[in-house]
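**Q** Before I ask anything, here is the structure I am working with.
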Amino acid sequence: MPPAHPFDDDKLKEECGIFGVVGVTDAANFVALGLHALQHRGQEAGGIVSHHPDHGFNSARRFGYVRDNFTSQKLMETLPGELAIGHVRYSTAGSKGQTQIRDVQPFFGEFSMGGAAIAHNGNITNADALRRELIERGSIFQSSSDSECIIHLMARSLQRNIPERMEDALRRVEGAFSVVAMTRTKLIGVRDPLGVRPLVLGKIGDGWALSSETCALDIIGAEYVREIDPGEMVVITAEHGVESIRPFRPQKSRFCIFEHVYFSRPDSIIGDRSVYETRRQIGVELARETPVDADLVCPVPDSGTPAAIGYAYESGIPYGMGIIRNQYMGRTFIEPTEQIRNMGVRLKLNVNRALIKGKRVVLVDDSVVRGTTSRKIKEMILDAGAAEVHFRIASPPTAWPCFYGVDTPQREKLLAATMSEEEMRTHLGVDSLKFISLDGLYRAVGEASGRDAKSPQYCDACFSGEYPVEPSDMLEKGFQMKAAE
Ligand code: SF4
């Protein structure tokens, strides 16, 4: 599968996608399809656990793409049953770049009342403290993944059944978590009290599905029912349907606004809004806020495309495919030699010279992280004979790291953390550089009055530096929060 963005090393990366199904024959096959549709949320490894009354729990965990592993009939026959969950991962805190197969989820625990498997999207911000405490009390960890803390906390709970043990465990966990889990008979879904990471419910025949995004429900032919609410736990069986529990103190939700900008697939629905339409609206707001005299609006493919369409529509400047992406640029071709690797961007993208030559070009991208690839794109456009290059960015400057399940460079590596907008413009060598404002972004996602500064409606910490959950492990490691204004 091609990467979600041609410059994967200069983008924030969502670290996980989760999917689960109950009440359908060969549930693991549906989970494999769901994970395939969620591959943009993690390409490093994937895993599936299933349960069958006669064969018990079975699992398979593999490095690489879902399509290269979980399409083998031989493998899928080892995962029988009408109940299964799965996970795709980029890599979690603790093992970046050195993932072992034991770090690949779902994790499994055997309890006195039966087994349970669990898969987690997000990041536990007090995982170091929990891990220390659990190890002191005798827990033996088998992976470097923070998510394993949940299994150990469940093992120590005195509650009578697994859903109640999970409630107990998750009350100790801070940070962002969307969870799918399973027992021998139940599919369980949970979102953290702020609902930072997504989780949706679908109906398929007599069964049910849980997914990070609605696009994965579409692929299995499931009907989208609703989002799991922030702070809600659902316990689902084929016989009794969906039971909803509220284990946490109610709080105002703070969904990740970057899901709208980049992480989620444009064919998904978030909060009853099409992600594509929201991104197009971001382009409209961007054009209103940052007009420029130009001849052509081009997206940086593919993630900048809907915003570029919106920018062109609002500004009246013609839209064109000034940069063409090579759809078949896979990993295998990049690997062999240093010489080929050094060709970098040109292997993945080519400029449409006939369109660009002599034009004043507005380039629309979703974000600027380190800025390394923005410079390369600008060079390609100028080499092709563009008269001017104007960057328009569909998110505010990314100046703070994310601690809620998104891989971000250290703060000092973020261009916007060390430079003003004008300094960034000079550094990138473009004629103009403008970002959408936070208020503009909030308007585009449906908040007509913009951002409520006293009580923001979303998590926007990577732009604002205002973290809805204190990143306690990182503070212990010396991370400096933004000074109060
Ligand atoms: S810090 Fe940014 S990427 Fe992370 S959850 Fe918040 S909005 Fe999303």
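A note on labels: chains of the structure tokens are A, B, ... as shown, every chain counts residues from 1, and ligands are counted from 1 in their shown order.
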Contacts between ligand 1 and chain A, please, where a residue of chain A counts if it comes within 8 Å (with only C-alpha atoms and all ligand atoms); show its shortest atom pair and distance in Å to one decimal, rows by chain and ascending number, as JSON lines.
**A**
{"residue": "A:Leu12", "atom": "CA", "partner": "ligand 1", "partner_atom_place_in_ligand_line": "3 (S)", "distance": 7.6}
{"residue": "A:Glu14", "atom": "CA", "partner": "ligand 1", "partner_atom_place_in_ligand_line": "3 (S)", "distance": 8.0}
{"residue": "A:Ala176", "atom": "CA", "partner": "ligand 1", "partner_atom_place_in_ligand_line": "5 (S)", "distance": 7.8}
{"residue": "A:Val196", "atom": "CA", "partner": "ligand 1", "partner_atom_place_in_ligand_line": "5 (S)", "distance": 6.0}
{"residue": "A:Arg197", "atom": "CA", "partner": "ligand 1", "partner_atom_place_in_ligand_line": "5 (S)", "distance": 7.1}
{"residue": "A:Phe255", "atom": "CA", "partner": "ligand 1", "partner_atom_place_in_ligand_line": "5 (S)", "distance": 7.2}
{"residue": "A:Cys256", "atom": "CA", "partner": "ligand 1", "partner_atom_place_in_ligand_line": "8 (Fe)", "distance": 3.8}
{"residue": "A:Ile257", "atom": "CA", "partner": "ligand 1", "partner_atom_place_in_ligand_line": "7 (S)", "distance": 4.8}
{"residue": "A:Phe258", "atom": "CA", "partner": "ligand 1", "partner_atom_place_in_ligand_line": "8 (Fe)", "distance": 4.7}
{"residue": "A:Glu259", "atom": "CA", "partner": "ligand 1", "partner_atom_place_in_ligand_line": "8 (Fe)", "distance": 6.6}
{"residue": "A:Trp400", "atom": "CA", "partner": "ligand 1", "partner_atom_place_in_ligand_line": "1 (S)", "distance": 7.4}
{"residue": "A:Pro401", "atom": "CA", "partner": "ligand 1", "partner_atom_place_in_ligand_line": "1 (S)", "distance": 6.5}
{"residue": "A:Cys402", "atom": "CA", "partner": "ligand 1", "partner_atom_place_in_ligand_line": "1 (S)", "distance": 4.0}
{"residue": "A:Phe403", "atom": "CA", "partner": "ligand 1", "partner_atom_place_in_ligand_line": "4 (Fe)", "distance": 6.1}
{"residue": "A:Tyr404", "atom": "CA", "partner": "ligand 1", "partner_atom_place_in_ligand_line": "5 (S)", "distance": 5.1}
{"residue": "A:Gly405", "atom": "CA", "partner": "ligand 1", "partner_atom_place_in_ligand_line": "4 (Fe)", "distance": 6.7}
{"residue": "A:Val406", "atom": "CA", "partner": "ligand 1", "partner_atom_place_in_ligand_line": "3 (S)", "distance": 5.8}
{"residue": "A:Tyr458", "atom": "CA", "partner": "ligand 1", "partner_atom_place_in_ligand_line": "7 (S)", "distance": 7.3}
{"residue": "A:Cys459", "atom": "CA", "partner": "ligand 1", "partner_atom_place_in_ligand_line": "6 (Fe)", "distance": 4.4}
{"residue": "A:Asp460", "atom": "CA", "partner": "ligand 1", "partner_atom_place_in_ligand_line": "7 (S)", "distance": 3.9}
{"residue": "A:Ala461", "atom": "CA", "partner": "ligand 1", "partner_atom_place_in_ligand_line": "1 (S)", "distance": 4.1}
{"residue": "A:Cys462", "atom": "CA", "partner": "ligand 1", "partner_atom_place_in_ligand_line": "1 (S)", "distance": 4.1}
{"residue": "A:Phe463", "atom": "CA", "partner": "ligand 1", "partner_atom_place_in_ligand_line": "2 (Fe)", "distance": 6.8}
{"residue": "A:Tyr467", "atom": "CA", "partner": "ligand 1", "partner_atom_place_in_ligand_line": "1 (S)", "distance": 7.1}
**Q** For segment 93-185 of chain A versus segment 229-233 of chain A, which residues have an atom no more than 10 Å away, and what is each residue's nearest atom pair and distance in Å rounded to one decimal, using only C-alpha atoms, chain-then-number order, as CSV?
**A**
residue,atom,partner,partner_atom,distance
A:Pro163,CA,A:Met233,CA,8.9
A:Met166,CA,A:Met233,CA,9.6
A:Glu167,CA,A:Met233,CA,8.3
A:Phe177,CA,A:Gly231,CA,9.9
A:Ser178,CA,A:Pro230,CA,9.3
A:Val179,CA,A:Met233,CA,9.2
A:Val180,CA,A:Met233,CA,9.8
**Q** Could you give me, as JSON, numbers by chain, the residues within 8 Å of Ala399 of chain A, counting only C-alpha atoms and dropping anything in the same chain fewer than 6 positions from it?
**A** {"A": [411, 414, 415, 416, 417, 462, 463, 464, 465]}
**Q** Applying 7 Å and only C-alpha atoms, which residues near Tyr90 of chain A remain after dropping the ones on its own chain fewer than 2 positions away? List them as a list in words.
**A**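 Neighbouring residues, sequence-local ones excluded: Glu15, Cys16, Gly42, Gln43, Glu44, Ala45 and Thr92 of chain A.
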**Q** Suppose we keep all heavy atoms; can you now write the selection as an mmCIF file, in the first residue's frame?
**A**
data_model
loop_
_atom_site.group_PDB
_atom_site.id
_atom_site.type_symbol
_atom_site.label_atom_id
_atom_site.label_comp_id
_atom_site.auth_asym_id
_atom_site.auth_seq_id
_atom_site.Cartn_x
_atom_site.Cartn_y
_atom_site.Cartn_z
ATOM 1 N N GLU A 15 -0.663 6.764 15.155
ATOM 2 C CA GLU A 15 0.070 5.560 15.513
ATOM 3 C C GLU A 15 -0.748 4.273 15.481
ATOM 4 O O GLU A 15 -0.155 3.201 15.531
ATOM 5 C CB GLU A 15 0.720 5.731 16.894
ATOM 6 C CG GLU A 15 1.893 6.707 16.808
ATOM 7 C CD GLU A 15 2.621 6.922 18.093
ATOM 8 O OE1 GLU A 15 2.079 6.575 19.141
ATOM 9 O OE2 GLU A 15 3.719 7.464 18.040
ATOM 10 N N CYS A 16 -2.048 4.338 15.427
ATOM 11 C CA CYS A 16 -2.784 3.072 15.478
ATOM 12 C C CYS A 16 -4.176 3.174 14.860
ATOM 13 O O CYS A 16 -4.803 4.235 14.865
ATOM 14 C CB CYS A 16 -3.011 2.622 16.915
ATOM 15 S SG CYS A 16 -1.505 2.347 17.840
ATOM 16 N N GLY A 42 -1.433 3.196 10.432
ATOM 17 C CA GLY A 42 -0.278 2.460 10.939
ATOM 18 C C GLY A 42 0.139 1.399 9.944
ATOM 19 O O GLY A 42 -0.672 0.555 9.575
ATOM 20 N N GLN A 43 1.382 1.472 9.506
ATOM 21 C CA GLN A 43 1.832 0.541 8.456
ATOM 22 C C GLN A 43 2.920 -0.411 8.926
ATOM 23 O O GLN A 43 3.409 -1.223 8.174
ATOM 24 C CB GLN A 43 2.376 1.336 7.260
ATOM 25 C CG GLN A 43 1.365 2.197 6.564
ATOM 26 C CD GLN A 43 1.397 3.635 7.064
ATOM 27 O OE1 GLN A 43 2.457 4.209 7.224
ATOM 28 N NE2 GLN A 43 0.232 4.186 7.334
ATOM 29 N N GLU A 44 3.340 -0.286 10.175
ATOM 30 C CA GLU A 44 4.496 -1.072 10.601
ATOM 31 C C GLU A 44 4.141 -2.542 10.882
ATOM 32 O O GLU A 44 4.904 -3.452 10.534
ATOM 33 C CB GLU A 44 5.073 -0.446 11.870
ATOM 34 C CG GLU A 44 6.411 -1.009 12.235
ATOM 35 C CD GLU A 44 6.933 -0.414 13.532
ATOM 36 O OE1 GLU A 44 6.142 -0.138 14.454
ATOM 37 O OE2 GLU A 44 8.144 -0.246 13.626
ATOM 38 N N ALA A 45 3.012 -2.762 11.525
ATOM 39 C CA ALA A 45 2.657 -4.131 11.924
ATOM 40 C C ALA A 45 1.162 -4.201 12.199
ATOM 41 O O ALA A 45 0.495 -3.169 12.346
ATOM 42 C CB ALA A 45 3.427 -4.529 13.177
ATOM 43 N N THR A 92 4.588 2.644 18.909
ATOM 44 C CA THR A 92 4.185 3.371 20.102
ATOM 45 C C THR A 92 5.409 3.891 20.824
ATOM 46 O O THR A 92 6.518 3.471 20.558
ATOM 47 C CB THR A 92 3.424 2.450 21.060
ATOM 48 O OG1 THR A 92 4.199 1.298 21.281
ATOM 49 C CG2 THR A 92 2.089 2.069 20.490
#
**Q** Give me the residues near segment 307-310 of chain A as an MDAnalysis selection string, where near means some atom within 12 Å (using only C-alpha atoms) and where sequence neighbours in that chain fewer than 2 positions away do not count.
**A** chainID A and resid 260:262 266 275:288 296:305 312:322 361:367 391:395 436 441 444
**Q** Please extract the residues of segment 42-272 of chain A with a backbone DSSP assignment of strand (DSSP E) and present them as an MDAnalysis selection string.
**A** chainID A and resid 45:52 56:63 83:89 107:111 114:124 175:182 187:191 200:204 207:211 223:227 233:237 241:245 255:256 269:270
